[in-house]
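Visitor: Contents of upload_0.cif (mmCIF, C-alpha atoms) are given next:
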```cif
data_my_file
#
loop_
_atom_site.label_atom_id
_atom_site.label_comp_id
_atom_site.auth_asym_id
_atom_site.auth_seq_id
_atom_site.Cartn_x
_atom_site.Cartn_y
_atom_site.Cartn_z
CA MET A 266 25.20 5.36 -1.12
CA LYS A 267 22.12 3.13 -0.89
CA ILE A 268 18.53 3.45 -2.07
CA THR A 269 16.19 3.57 0.90
CA GLU A 270 12.72 4.34 -0.45
CA VAL A 271 10.57 4.18 -3.59
CA ARG A 272 7.76 6.74 -3.65
CA THR A 273 5.10 6.85 -6.37
CA ILE A 274 3.35 10.15 -7.16
CA LEU A 275 0.17 10.42 -9.25
CA VAL A 276 -0.87 13.93 -10.25
CA SER A 277 -4.28 14.39 -11.84
CA LYS A 278 -4.38 16.53 -14.99
CA GLY A 279 -7.59 15.39 -16.64
CA SER A 280 -8.68 11.98 -17.86
CA PHE A 281 -5.49 10.29 -16.64
CA PRO A 282 -2.73 11.25 -14.18
CA TRP A 283 0.96 11.73 -14.65
CA VAL A 284 2.72 8.85 -12.86
CA MET A 285 6.07 9.70 -11.32
CA VAL A 286 8.53 8.12 -8.93
CA GLU A 287 11.07 9.38 -6.42
CA LEU A 288 14.00 7.21 -5.37
CA ARG A 289 15.40 8.37 -2.05
CA THR A 290 18.87 7.53 -0.75
CA ASP A 291 20.72 7.49 2.57
CA ALA A 292 22.96 10.27 1.20
CA GLY A 293 20.04 12.71 1.05
CA LEU A 294 19.77 12.63 -2.76
CA THR A 295 16.42 12.01 -4.42
CA GLY A 296 16.03 10.90 -8.03
CA LEU A 297 12.97 11.71 -10.10
CA GLY A 298 11.42 9.85 -13.04
CA GLU A 299 8.16 9.60 -14.98
CA GLY A 300 6.50 6.59 -16.63
CA THR A 301 2.99 7.91 -17.33
CA LEU A 302 0.84 5.28 -19.04
CA GLU A 303 -2.48 6.79 -20.08
CA SER A 304 -4.84 3.85 -19.77
CA ARG A 305 -3.29 2.04 -16.80
CA PRO A 306 -2.12 4.60 -14.20
CA GLU A 307 -2.92 2.56 -11.10
CA THR A 308 -1.54 -0.63 -12.63
CA LEU A 309 1.66 1.26 -13.45
CA ALA A 310 1.93 2.74 -9.95
CA ALA A 311 1.64 -0.76 -8.48
CA ALA A 312 4.25 -2.05 -10.93
CA ILE A 313 6.67 0.73 -9.95
CA ARG A 314 6.27 -0.11 -6.27
CA GLU A 315 6.57 -3.86 -6.84
CA THR A 316 9.50 -3.61 -9.27
CA GLY A 317 11.20 -0.91 -7.24
CA ARG A 318 11.48 -3.13 -4.16
CA ALA A 319 14.46 -4.79 -5.81
CA LEU A 320 16.32 -1.46 -5.62
CA ILE A 321 16.07 -1.02 -1.86
CA GLY A 322 19.53 -1.31 -0.32
CA GLN A 323 21.24 -1.16 -3.72
CA ASP A 324 23.95 1.25 -4.84
CA PRO A 325 22.31 3.54 -7.45
CA ALA A 326 25.63 3.95 -9.24
CA ASP A 327 25.38 0.47 -10.79
CA ILE A 328 22.77 1.49 -13.36
CA GLU A 329 23.42 -1.15 -16.01
CA ARG A 330 23.45 -3.94 -13.45
CA LEU A 331 20.27 -2.65 -11.84
CA PHE A 332 18.53 -2.37 -15.21
CA ARG A 333 19.37 -5.97 -16.00
CA GLN A 334 18.21 -7.01 -12.54
CA LEU A 335 14.85 -5.32 -13.12
CA TYR A 336 14.38 -6.59 -16.69
CA HIS A 337 16.04 -9.97 -17.10
CA PRO A 338 15.30 -12.27 -14.13
CA PRO A 339 11.47 -12.40 -14.42
CA PHE A 340 10.14 -15.13 -16.71
CA TRP A 341 7.45 -12.66 -17.86
CA ARG A 342 9.15 -9.52 -19.05
CA GLY A 343 8.68 -6.62 -21.41
CA GLY A 344 5.36 -5.01 -22.30
CA PRO A 345 4.16 -1.45 -21.70
CA VAL A 346 3.45 -1.72 -17.96
CA LEU A 347 6.71 -3.33 -16.87
CA MET A 348 8.87 -1.28 -19.25
CA SER A 349 7.20 1.96 -18.14
CA ALA A 350 7.87 1.06 -14.51
CA ILE A 351 11.50 0.32 -15.32
CA ALA A 352 11.70 3.55 -17.35
CA ALA A 353 10.59 5.70 -14.43
CA LEU A 354 12.98 3.97 -12.02
CA ASP A 355 15.84 4.17 -14.52
CA GLN A 356 15.38 7.90 -15.06
CA ALA A 357 15.53 8.37 -11.29
CA LEU A 358 18.77 6.37 -11.09
CA TRP A 359 20.42 8.59 -13.69
CA ASP A 360 19.14 11.67 -11.85
CA ILE A 361 20.72 10.49 -8.60
CA ASN A 362 24.07 9.70 -10.20
CA ALA A 363 24.29 12.98 -12.06
CA GLN A 364 23.45 14.87 -8.87
CA ALA A 365 26.14 12.95 -6.99
CA LEU A 366 28.71 13.99 -9.61
CA GLY A 367 27.42 17.58 -9.82
CA VAL A 368 26.64 17.43 -13.56
CA PRO A 369 23.47 17.41 -15.68
CA VAL A 370 22.27 14.03 -16.91
CA TRP A 371 23.19 14.87 -20.51
CA ARG A 372 26.84 15.00 -19.44
CA LEU A 373 26.64 11.36 -18.31
CA LEU A 374 24.91 10.41 -21.56
CA GLY A 375 27.93 11.53 -23.57
CA GLY A 376 27.84 15.30 -23.49
CA ARG A 377 26.16 17.90 -25.62
CA THR A 378 25.65 17.39 -29.36
CA ARG A 379 23.48 20.53 -29.75
CA GLU A 380 22.93 23.84 -28.01
CA ARG A 381 19.13 23.65 -28.06
CA VAL A 382 16.36 21.09 -28.57
CA ARG A 383 13.68 21.73 -31.19
CA ALA A 384 10.11 21.00 -30.10
CA TYR A 385 6.82 20.46 -31.86
CA ALA A 386 3.35 21.00 -30.41
CA THR A 387 1.06 18.01 -30.30
CA GLY A 388 -2.36 19.51 -30.95
CA VAL A 389 -3.21 23.12 -31.56
CA GLY A 390 -5.23 23.85 -28.45
CA GLY A 391 -8.43 21.86 -28.11
CA PRO A 392 -11.01 20.36 -30.49
CA VAL A 393 -11.31 21.76 -34.00
CA ARG A 394 -14.52 21.62 -36.03
CA SER A 395 -13.64 23.22 -39.37
CA PRO A 396 -10.62 23.97 -41.60
CA GLU A 397 -11.14 27.67 -40.86
CA GLU A 398 -10.98 27.07 -37.11
CA LEU A 399 -7.88 24.95 -37.59
CA ALA A 400 -6.21 27.73 -39.57
CA GLU A 401 -6.81 30.15 -36.71
CA ARG A 402 -5.41 27.70 -34.15
CA VAL A 403 -2.37 27.12 -36.34
CA ARG A 404 -1.66 30.84 -36.48
CA GLU A 405 -1.92 31.01 -32.68
CA THR A 406 0.46 28.06 -32.31
CA VAL A 407 3.04 29.64 -34.62
CA ALA A 408 2.66 32.95 -32.77
CA ARG A 409 3.64 31.12 -29.56
CA GLY A 410 7.00 30.33 -31.12
CA PHE A 411 6.52 26.77 -32.34
CA THR A 412 8.28 25.97 -35.60
CA ALA A 413 6.39 22.66 -35.97
CA PHE A 414 3.10 21.14 -34.88
CA LYS A 415 1.21 17.86 -35.21
CA ILE A 416 -2.44 17.48 -36.14
CA ASP A 417 -4.90 14.61 -36.48
CA PRO A 418 -6.98 15.53 -39.54
CA TRP A 419 -9.07 12.35 -39.30
CA LEU A 420 -10.43 13.17 -35.86
CA MET A 421 -11.13 16.71 -37.08
CA ALA A 422 -12.87 15.52 -40.25
CA GLY A 423 -14.95 12.72 -38.75
CA GLY A 424 -15.26 13.51 -35.05
CA GLY A 425 -13.82 10.13 -34.07
CA ALA A 426 -11.52 7.31 -35.07
CA PRO A 427 -11.90 6.51 -38.80
CA PRO A 428 -12.36 3.00 -40.19
CA PRO A 429 -9.32 1.19 -41.64
CA TRP A 430 -10.60 2.09 -45.11
CA PRO A 431 -12.25 5.56 -44.91
CA ASP A 432 -14.62 6.53 -47.67
CA ALA A 433 -13.89 9.19 -50.26
CA ALA A 434 -15.82 11.95 -48.48
CA LEU A 435 -13.95 11.52 -45.20
CA HIS A 436 -10.67 11.27 -47.13
CA ARG A 437 -11.32 14.59 -48.89
CA LYS A 438 -12.31 16.30 -45.63
CA ALA A 439 -9.14 15.17 -43.90
CA VAL A 440 -6.93 16.40 -46.75
CA ALA A 441 -8.80 19.73 -46.65
CA PHE A 442 -7.84 20.16 -42.99
CA VAL A 443 -4.17 19.60 -43.81
CA GLN A 444 -4.41 22.03 -46.71
CA ALA A 445 -5.86 24.67 -44.38
CA ALA A 446 -3.06 24.07 -41.89
CA ARG A 447 -0.41 24.45 -44.58
CA GLU A 448 -1.91 27.68 -45.91
CA ALA A 449 -2.08 29.13 -42.39
CA ALA A 450 1.42 28.03 -41.38
CA GLY A 451 3.26 28.80 -44.60
CA TRP A 452 6.07 26.68 -45.96
CA ASP A 453 8.70 27.42 -43.30
CA ILE A 454 6.75 25.67 -40.52
CA ASP A 455 6.77 21.87 -40.31
CA ILE A 456 3.49 19.95 -40.13
CA LEU A 457 3.39 16.43 -38.72
CA ILE A 458 0.41 14.16 -39.42
CA GLU A 459 -0.96 11.66 -36.89
CA TYR A 460 -2.42 8.40 -38.26
CA HIS A 461 -2.78 6.58 -34.87
CA GLY A 462 -2.22 3.22 -36.57
CA TRP A 463 -5.76 3.25 -37.94
CA PHE A 464 -5.41 2.37 -41.63
CA ALA A 465 -5.03 -0.61 -43.91
CA PRO A 466 -1.68 -0.46 -45.75
CA ALA A 467 -3.16 0.27 -49.18
CA LYS A 468 -5.24 3.15 -47.82
CA ALA A 469 -2.31 4.53 -45.82
CA ILE A 470 -0.26 4.63 -49.03
CA GLU A 471 -3.05 6.39 -50.95
CA ILE A 472 -3.42 9.01 -48.20
CA ALA A 473 0.33 9.61 -48.14
CA HIS A 474 0.41 10.31 -51.88
CA ASP A 475 -2.43 12.81 -51.53
CA LEU A 476 -0.66 14.59 -48.64
CA ALA A 477 2.80 14.60 -50.24
CA PRO A 478 2.34 17.96 -52.09
CA LEU A 479 1.73 19.60 -48.68
CA ARG A 480 5.17 18.38 -47.55
CA PRO A 481 4.52 17.05 -44.05
CA LEU A 482 7.66 16.41 -42.02
CA PHE A 483 6.46 12.87 -41.39
CA LEU A 484 3.38 10.66 -41.16
CA GLU A 485 3.05 8.94 -37.79
CA GLU A 486 1.96 5.31 -37.31
CA PRO A 487 0.13 4.73 -40.60
CA VAL A 488 -0.84 1.13 -39.74
CA PRO A 489 -1.31 -0.83 -36.48
CA PRO A 490 1.98 -1.65 -34.72
CA GLU A 491 1.73 -5.44 -34.60
CA ASN A 492 2.64 -6.14 -38.26
CA LEU A 493 6.04 -4.71 -39.17
CA ALA A 494 5.87 -6.21 -42.65
CA ALA A 495 2.78 -4.09 -43.35
CA LEU A 496 4.56 -1.02 -42.03
CA ALA A 497 7.56 -1.71 -44.27
CA GLN A 498 5.19 -2.03 -47.24
CA VAL A 499 3.83 1.46 -46.54
CA THR A 500 7.26 2.97 -45.91
CA GLN A 501 8.70 1.67 -49.16
CA ALA A 502 5.71 2.84 -51.24
CA THR A 503 5.30 6.27 -49.68
CA PRO A 504 6.90 9.57 -50.77
CA VAL A 505 6.59 11.05 -47.25
CA PRO A 506 8.86 9.91 -44.36
CA ILE A 507 7.17 7.47 -41.98
CA ALA A 508 7.58 7.72 -38.20
CA THR A 509 6.68 5.04 -35.65
CA GLY A 510 7.93 3.23 -32.57
CA GLU A 511 6.10 4.64 -29.57
CA ARG A 512 4.54 1.20 -28.96
CA LEU A 513 7.83 -0.69 -29.24
CA HIS A 514 9.24 -0.97 -25.74
CA THR A 515 12.64 -2.64 -26.08
CA LYS A 516 15.70 -2.65 -28.30
CA PHE A 517 14.72 -6.15 -29.33
CA ALA A 518 11.46 -4.96 -30.87
CA VAL A 519 13.20 -2.00 -32.51
CA ARG A 520 15.81 -4.30 -34.05
CA GLU A 521 13.23 -5.96 -36.28
CA LEU A 522 11.78 -2.61 -37.37
CA LEU A 523 15.22 -1.35 -38.35
CA GLU A 524 16.12 -4.57 -40.14
CA ARG A 525 12.97 -4.24 -42.25
CA GLN A 526 13.78 -0.56 -42.97
CA ALA A 527 10.20 0.14 -41.92
CA ALA A 528 10.58 3.78 -40.82
CA ALA A 529 12.66 6.89 -41.41
CA VAL A 530 11.97 8.31 -37.94
CA LEU A 531 11.87 6.37 -34.67
CA GLN A 532 9.52 7.62 -31.92
CA SER A 533 10.60 5.42 -29.04
CA ASP A 534 9.35 6.70 -25.68
CA LEU A 535 11.72 7.46 -22.81
CA SER A 536 8.86 6.81 -20.35
CA HIS A 537 7.90 3.44 -21.85
CA ALA A 538 11.07 1.99 -23.38
CA GLY A 539 13.15 1.44 -20.28
CA GLY A 540 14.40 4.95 -19.59
CA PHE A 541 17.84 6.31 -20.48
CA THR A 542 19.58 2.93 -20.25
CA GLU A 543 17.51 1.25 -22.96
CA MET A 544 16.82 4.36 -25.03
CA ARG A 545 20.48 5.24 -25.56
CA LYS A 546 20.97 1.77 -27.06
CA ILE A 547 17.89 2.19 -29.24
CA ALA A 548 19.19 5.54 -30.46
CA ALA A 549 22.56 4.00 -31.32
CA MET A 550 20.88 1.21 -33.26
CA ALA A 551 18.81 3.80 -35.13
CA GLU A 552 21.91 5.85 -35.91
CA ALA A 553 23.57 2.79 -37.46
CA SER A 554 20.50 2.44 -39.69
CA TYR A 555 20.47 6.17 -40.64
CA VAL A 556 17.16 6.61 -38.80
CA MET A 557 16.37 9.81 -36.88
CA MET A 558 14.91 10.02 -33.37
CA ALA A 559 11.78 12.01 -32.51
CA PRO A 560 10.87 10.74 -29.02
CA HIS A 561 7.20 10.30 -28.17
CA ASN A 562 6.21 12.47 -25.18
CA PRO A 563 2.63 13.70 -24.60
CA TYR A 564 3.30 13.62 -20.84
CA GLY A 565 4.26 15.77 -17.88
CA PRO A 566 7.16 18.13 -17.20
CA VAL A 567 9.35 15.42 -15.61
CA ALA A 568 9.20 13.30 -18.77
CA THR A 569 9.75 16.40 -20.89
CA MET A 570 12.87 17.37 -18.95
CA ALA A 571 14.21 13.82 -19.16
CA ASN A 572 13.73 13.94 -22.93
CA ILE A 573 15.55 17.27 -23.15
CA HIS A 574 18.62 15.65 -21.57
CA PHE A 575 18.36 12.65 -23.88
CA ASP A 576 17.88 14.78 -27.00
CA THR A 577 20.83 16.97 -26.08
CA ALA A 578 23.18 14.00 -26.08
CA ILE A 579 22.17 11.81 -29.04
CA PRO A 580 23.58 12.64 -32.49
CA ASN A 581 20.54 11.52 -34.53
CA PHE A 582 17.90 13.70 -32.85
CA LEU A 583 15.25 15.26 -35.10
CA ILE A 584 12.51 16.89 -33.02
CA GLN A 585 10.82 16.54 -29.62
CA GLU A 586 7.09 16.18 -28.95
CA VAL A 587 5.46 18.31 -26.24
CA LEU A 588 1.75 18.52 -25.45
CA ARG A 589 0.14 21.91 -25.92
CA THR A 590 -3.19 21.29 -24.19
CA ASP A 591 -2.03 20.68 -20.61
CA PRO A 592 -3.48 22.56 -17.59
CA PRO A 593 -2.11 26.03 -16.79
CA TRP A 594 -0.41 24.79 -13.61
CA ARG A 595 1.76 22.33 -15.55
CA GLU A 596 4.88 24.49 -15.27
CA GLU A 597 4.35 24.91 -11.51
CA LEU A 598 4.56 21.16 -10.88
CA VAL A 599 8.36 21.21 -11.03
CA GLU A 600 10.90 23.73 -9.82
CA PRO A 601 12.35 25.44 -11.70
CA PRO A 602 9.77 25.20 -14.49
CA VAL A 603 10.56 23.62 -17.85
CA LEU A 604 10.47 26.56 -20.23
CA MET A 605 10.63 26.84 -23.99
CA GLN A 606 12.06 29.74 -25.99
CA ASP A 607 11.10 30.36 -29.63
CA GLY A 608 10.10 26.72 -30.11
CA TYR A 609 13.27 25.29 -28.52
CA PHE A 610 14.31 23.95 -25.12
CA ILE A 611 17.69 24.99 -23.72
CA PRO A 612 19.58 22.09 -22.07
CA PRO A 613 19.83 22.73 -18.32
CA GLU A 614 23.17 23.09 -16.57
CA ARG A 615 21.87 22.13 -13.11
CA PRO A 616 22.95 18.75 -11.66
CA GLY A 617 20.81 15.72 -12.39
CA LEU A 618 17.58 16.32 -14.26
CA GLY A 619 17.76 19.78 -12.75
CA ILE A 620 14.21 19.84 -11.34
CA ARG A 621 12.30 18.80 -8.23
CA LEU A 622 8.60 18.41 -7.53
CA ASN A 623 6.61 21.28 -6.06
CA GLU A 624 4.92 19.44 -3.17
CA ARG A 625 2.18 22.07 -2.88
CA VAL A 626 1.08 21.42 -6.46
CA VAL A 627 1.38 17.66 -5.94
CA ARG A 628 -1.00 17.88 -2.98
CA GLU A 629 -3.45 20.20 -4.72
CA HIS A 630 -3.76 17.93 -7.76
CA ALA A 631 -3.22 14.50 -6.21
CA TRP A 632 -4.88 11.61 -8.06
CA VAL A 633 -7.21 9.55 -5.88
CA GLU A 634 -6.66 5.92 -6.82
CA ARG A 635 -9.86 4.02 -7.52
CA THR A 636 -10.34 1.01 -5.29
CA THR A 637 -13.87 0.08 -6.51
CA ASP A 638 -15.71 0.20 -9.82
#
```
Hey, can you dump this file as structure tokens for me?
Guide:
Amino acid sequence: MKITEVRTILVSKGSFPWVMVELRTDAGLTGLGEGTLESRPETLAAAIRETGRALIGQDPADIERLFRQLYHPPFWRGGPVLMSAIAALDQALWDINAQALGVPVWRLLGGRTRERVRAYATGVGGPVRSPEELAERVRETVARGFTAFKIDPWLMAGGGAPPPWPDAALHRKAVAFVQAAREAAGWDIDILIEYHGWFAPAKAIEIAHDLAPLRPLFLEEPVPPENLAALAQVTQATPVPIATGERLHTKFAVRELLERQAAAVLQSDLSHAGGFTEMRKIAAMAEASYVMMAPHNPYGPVATMANIHFDTAIPNFLIQEVLRTDPPWREELVEPPVLMQDGYFIPPERPGLGIRLNERVVREHAWVERTTD
């Protein structure tokens, strides 16, 4: 079997498109992957096409060799654009191979370690202007079956990104939003808090101590990602588990984070960190450091399904992100749709990723690439 074509697909869903790829073969099998990169969709699509040329004529069964061929030979390597392109192509390679063998991807990743995959909702359904409005949205989210959700109390409290050292008034408002969420959700629902890497270490530590009585599951990206020593400082001084890693794109970057014991939860991204091939190594490194995996995934249904396969197979899985505020036609984009039951995904039994694109929906919501300013 040989790869004969690389097709990029951009589907518009708002401010940025989902960026997907199909790898077609001379055996009639087509592999699907997603590498959506919010701020650089057209750059990513070009990178997928350019990088994917190296796969034409290759046997898709040689996944490890092909990954190394895509990653290692260039002098300039790594970074979000290249690693997202490789991630999308890698997912498609695994999809093809699992289809060829008649098994779901999670079988090739080592088999099932759980019967279902717990999900959390990122966002609670649109902008929120008051703690009372947040409480109502939280109750709606729980009523939809979610057992966990993530909020950004700083955006709610201030209407925009806070400074690295927010003043006391903004601090109190943000804590009030979390308090309202906890009272609405009760104590059996997990709350995750988004920091977006905004804060100075000392302020991140102070905030964590104030939020600790509300028992968040974790605090995400308390400081910017470039300084792992600062992140370790926060982690070691904070009573709440720290999660990070969505902006670390290789096992090499993750190695330093783990060596510094800078997080309790790793949020590496299957669409940005090299796909299944790199992510399974990252997960194994995390397991050896007693760190849990909660993969980052505010993307489309292809990425979500890929994550379901990954989460099914790894032993140190904690919880899976899924975006709540997507358009109503999201589930129509792939066939069959990716469905959730009582806050959990059920691992599919169909070969490969177990989904294909609905070409009607692709056409109806096609992203028009911008060629001029």
Visitor: For a quick check of understanding, using all atoms listed in the file, which of A:Ile507, A:Leu618, A:Glu629, A:Val519 has the smallest distance to Lys546 of chain A?
Guide: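 Checking each of A:Ile507, A:Leu618, A:Glu629, A:Val519 against Lys546 of chain A, counting all atoms listed in the file, the winner is A:Val519.
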Visitor: Could you check which of A:Pro481, A:Pro339, A:Trp452, A:Pro429 is closest to Lys468 of chain A, using only C-alpha atoms?
Guide: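 Closest to Lys468 of chain A, using only C-alpha atoms: A:Pro429.
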Visitor: When the PyMOL selection byres ((chain A and resi 482) around 12) is applied to the structure above, which residues does it catch, written out as a PyMOL selection string?
Guide: chain A and resi 385+412-416+447+452-459+473+476-481+483-485+504-508+529-530+559+583-584
Visitor: The selected residues should be written to file as a PDB file, in the coordinates of the input (atoms: C-alpha atoms).
Guide:
```
ATOM      1  CA  TYR A 385       6.820  20.460 -31.860  1.00  0.00           C
ATOM      2  CA  THR A 412       8.280  25.970 -35.600  1.00  0.00           C
ATOM      3  CA  ALA A 413       6.390  22.660 -35.970  1.00  0.00           C
ATOM      4  CA  PHE A 414       3.100  21.140 -34.880  1.00  0.00           C
ATOM      5  CA  LYS A 415       1.210  17.860 -35.210  1.00  0.00           C
ATOM      6  CA  ILE A 416      -2.440  17.480 -36.140  1.00  0.00           C
ATOM      7  CA  ARG A 447      -0.410  24.450 -44.580  1.00  0.00           C
ATOM      8  CA  TRP A 452       6.070  26.680 -45.960  1.00  0.00           C
ATOM      9  CA  ASP A 453       8.700  27.420 -43.300  1.00  0.00           C
ATOM     10  CA  ILE A 454       6.750  25.670 -40.520  1.00  0.00           C
ATOM     11  CA  ASP A 455       6.770  21.870 -40.310  1.00  0.00           C
ATOM     12  CA  ILE A 456       3.490  19.950 -40.130  1.00  0.00           C
ATOM     13  CA  LEU A 457       3.390  16.430 -38.720  1.00  0.00           C
ATOM     14  CA  ILE A 458       0.410  14.160 -39.420  1.00  0.00           C
ATOM     15  CA  GLU A 459      -0.960  11.660 -36.890  1.00  0.00           C
ATOM     16  CA  ALA A 473       0.330   9.610 -48.140  1.00  0.00           C
ATOM     17  CA  LEU A 476      -0.660  14.590 -48.640  1.00  0.00           C
ATOM     18  CA  ALA A 477       2.800  14.600 -50.240  1.00  0.00           C
ATOM     19  CA  PRO A 478       2.340  17.960 -52.090  1.00  0.00           C
ATOM     20  CA  LEU A 479       1.730  19.600 -48.680  1.00  0.00           C
ATOM     21  CA  ARG A 480       5.170  18.380 -47.550  1.00  0.00           C
ATOM     22  CA  PRO A 481       4.520  17.050 -44.050  1.00  0.00           C
ATOM     23  CA  PHE A 483       6.460  12.870 -41.390  1.00  0.00           C
ATOM     24  CA  LEU A 484       3.380  10.660 -41.160  1.00  0.00           C
ATOM     25  CA  GLU A 485       3.050   8.940 -37.790  1.00  0.00           C
ATOM     26  CA  PRO A 504       6.900   9.570 -50.770  1.00  0.00           C
ATOM     27  CA  VAL A 505       6.590  11.050 -47.250  1.00  0.00           C
ATOM     28  CA  PRO A 506       8.860   9.910 -44.360  1.00  0.00           C
ATOM     29  CA  ILE A 507       7.170   7.470 -41.980  1.00  0.00           C
ATOM     30  CA  ALA A 508       7.580   7.720 -38.200  1.00  0.00           C
ATOM     31  CA  ALA A 529      12.660   6.890 -41.410  1.00  0.00           C
ATOM     32  CA  VAL A 530      11.970   8.310 -37.940  1.00  0.00           C
ATOM     33  CA  ALA A 559      11.780  12.010 -32.510  1.00  0.00           C
ATOM     34  CA  LEU A 583      15.250  15.260 -35.100  1.00  0.00           C
ATOM     35  CA  ILE A 584      12.510  16.890 -33.020  1.00  0.00           C
TER      36      ILE A 584
END
```
Visitor: Env of segment 438-446 of chain A: 9 Å cut, atoms = only C-alpha atoms, seq-sep filter 3 positions within chain, self excluded. Answer as a list in words.
Guide: Ser395, Pro396, Glu397, Leu399, Ala400, Glu401, Arg402, Val403, Arg404, Ile416, Asp417, Pro418, Trp419, Leu420, Met421, Ala422, Gly423, Ala433, Ala434, Leu435, Ala449, Ala450, Gly451, Ile456, Ile458, Ile472, Asp475, Leu476 and Leu479 of chain A
Visitor: Once the PyMOL selection byres ((chain A and resi 588-594) around 10) has been applied to the shown file, what residues remain in the selection, as a PyMOL selection string?
Guide: chain A and resi 278-279+384-391+406+414-415+562-566+569+586-587+595-599+626+630
Visitor: I'd like the interatomic distance between atom CA of Gln532 of chain A and atom CA of Ile573 of chain A, to a tenth of an Å.
Guide: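 Those two atoms sit 14.4 Å apart.
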Visitor: Convert the output of the PyMOL selection byres ((chain A and resi 525) around 12) on the shown file into explicit residues, formatted as number ranges by chain.
Guide: A: 492-501, 518-524, 526-529, 554
Visitor: How many Å lie between atom CA of Leu320 of chain A and atom CA of Arg377 of chain A, rounded to one decimal?
Guide: 29.5 Å
Visitor: With a distance cut-off of 8 Å and only C-alpha atoms, select the neighbouring residues of Ala551 of chain A, excluding the residue or stretch itself and same-chain residues fewer than 5 positions from it, and output the selection as an MDAnalysis selection string.
Guide: chainID A and resid 523 531 556:558 581
Visitor: Atom CA of Arg330 of chain A to atom CA of Gly540 of chain A: how many Å, to one decimal?
Guide: 14.1 Å
Visitor: Can you write out as CSV which residues of segment 347-425 of chain A fall within 12 Å of segment 510-515 of chain A, alongside each residue's closest atom pair and its distance in Å to one decimal, counting all atoms listed in the file and ordering rows by chain and ascending residue number?
Guide:
```
residue,atom,partner,partner_atom,distance
A:Leu347,CA,A:His514,CA,9.5
A:Met348,CA,A:His514,CA,6.5
A:Ser349,CA,A:His514,CA,8.4
A:Ala350,CA,A:His514,CA,11.5
A:Ile351,CA,A:His514,CA,10.7
A:Ala352,CA,A:His514,CA,9.8
```
Visitor: Tell me which protein, DNA and RNA residues are within 10 Å of Gly376 of chain A, counting all atoms listed in the file, leaving out same-chain ones fewer than 4 positions away, and put them as a ChimeraX atom specification.
Guide: /A:369-372,574-575,577-579
Visitor: Write a file of the just-selected residues containing C-alpha atoms, as a PDB file, in the frame of the given file.
Guide:
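And here is the file that came out, again-v3.pdb:
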```pdb
ATOM      1  CA  PRO A 369      23.470  17.410 -15.680  1.00  0.00           C
ATOM      2  CA  VAL A 370      22.270  14.030 -16.910  1.00  0.00           C
ATOM      3  CA  TRP A 371      23.190  14.870 -20.510  1.00  0.00           C
ATOM      4  CA  ARG A 372      26.840  15.000 -19.440  1.00  0.00           C
ATOM      5  CA  HIS A 574      18.620  15.650 -21.570  1.00  0.00           C
ATOM      6  CA  PHE A 575      18.360  12.650 -23.880  1.00  0.00           C
ATOM      7  CA  THR A 577      20.830  16.970 -26.080  1.00  0.00           C
ATOM      8  CA  ALA A 578      23.180  14.000 -26.080  1.00  0.00           C
ATOM      9  CA  ILE A 579      22.170  11.810 -29.040  1.00  0.00           C
TER      10      ILE A 579
END
```
Visitor: When you look at Val633 of chain A with a cut-off of 9 Å (counting all atoms listed in the file), what residues show up, excluding the ones that are within fewer than 4 positions of it in the same chain? I need them as a VMD selection string.
Guide: chain A and resid 275 to 277
Visitor: Once you have the residues from the selection above, write them out as a compact mmCIF listing (two decimals), keeping the file's coordinate frame, restricted to C-alpha atoms.
Guide:
```txt
# COMPACT_ATOMS: atom_id res chain seq x y z
CA LEU A 275 0.17 10.42 -9.25
CA VAL A 276 -0.87 13.93 -10.25
CA SER A 277 -4.28 14.39 -11.84
```
Visitor: Applying 12 Å and all atoms listed in the file, which residues near Trp359 of chain A remain after dropping the ones on its own chain fewer than 5 positions away? List them as a compact mmCIF listing (two decimals) with C-alpha atoms, keeping the file's coordinate frame.
Guide:
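Written output follows (around-v4.txt):
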```
# COMPACT_ATOMS: atom_id res chain seq x y z
CA GLU A 287 11.07 9.38 -6.42
CA LEU A 288 14.00 7.21 -5.37
CA LEU A 294 19.77 12.63 -2.76
CA THR A 295 16.42 12.01 -4.42
CA GLY A 296 16.03 10.90 -8.03
CA LEU A 297 12.97 11.71 -10.10
CA GLY A 298 11.42 9.85 -13.04
CA PRO A 325 22.31 3.54 -7.45
CA ALA A 326 25.63 3.95 -9.24
CA ASP A 327 25.38 0.47 -10.79
CA ILE A 328 22.77 1.49 -13.36
CA GLU A 329 23.42 -1.15 -16.01
CA LEU A 331 20.27 -2.65 -11.84
CA PHE A 332 18.53 -2.37 -15.21
CA ALA A 352 11.70 3.55 -17.35
CA ALA A 353 10.59 5.70 -14.43
CA LEU A 354 12.98 3.97 -12.02
CA GLN A 364 23.45 14.87 -8.87
CA ALA A 365 26.14 12.95 -6.99
CA LEU A 366 28.71 13.99 -9.61
CA VAL A 368 26.64 17.43 -13.56
CA PRO A 369 23.47 17.41 -15.68
CA VAL A 370 22.27 14.03 -16.91
CA TRP A 371 23.19 14.87 -20.51
CA ARG A 372 26.84 15.00 -19.44
CA LEU A 373 26.64 11.36 -18.31
CA LEU A 374 24.91 10.41 -21.56
CA GLY A 540 14.40 4.95 -19.59
CA PHE A 541 17.84 6.31 -20.48
CA THR A 542 19.58 2.93 -20.25
CA ALA A 571 14.21 13.82 -19.16
CA HIS A 574 18.62 15.65 -21.57
CA PHE A 575 18.36 12.65 -23.88
CA PRO A 616 22.95 18.75 -11.66
CA GLY A 617 20.81 15.72 -12.39
CA LEU A 618 17.58 16.32 -14.26
CA GLY A 619 17.76 19.78 -12.75
```
Visitor: When you count only C-alpha atoms, which of these residues is closest to Gly462 of chain A: A:Val488, A:Met570, A:Ala549, A:Ala502?
Guide: A:Val488
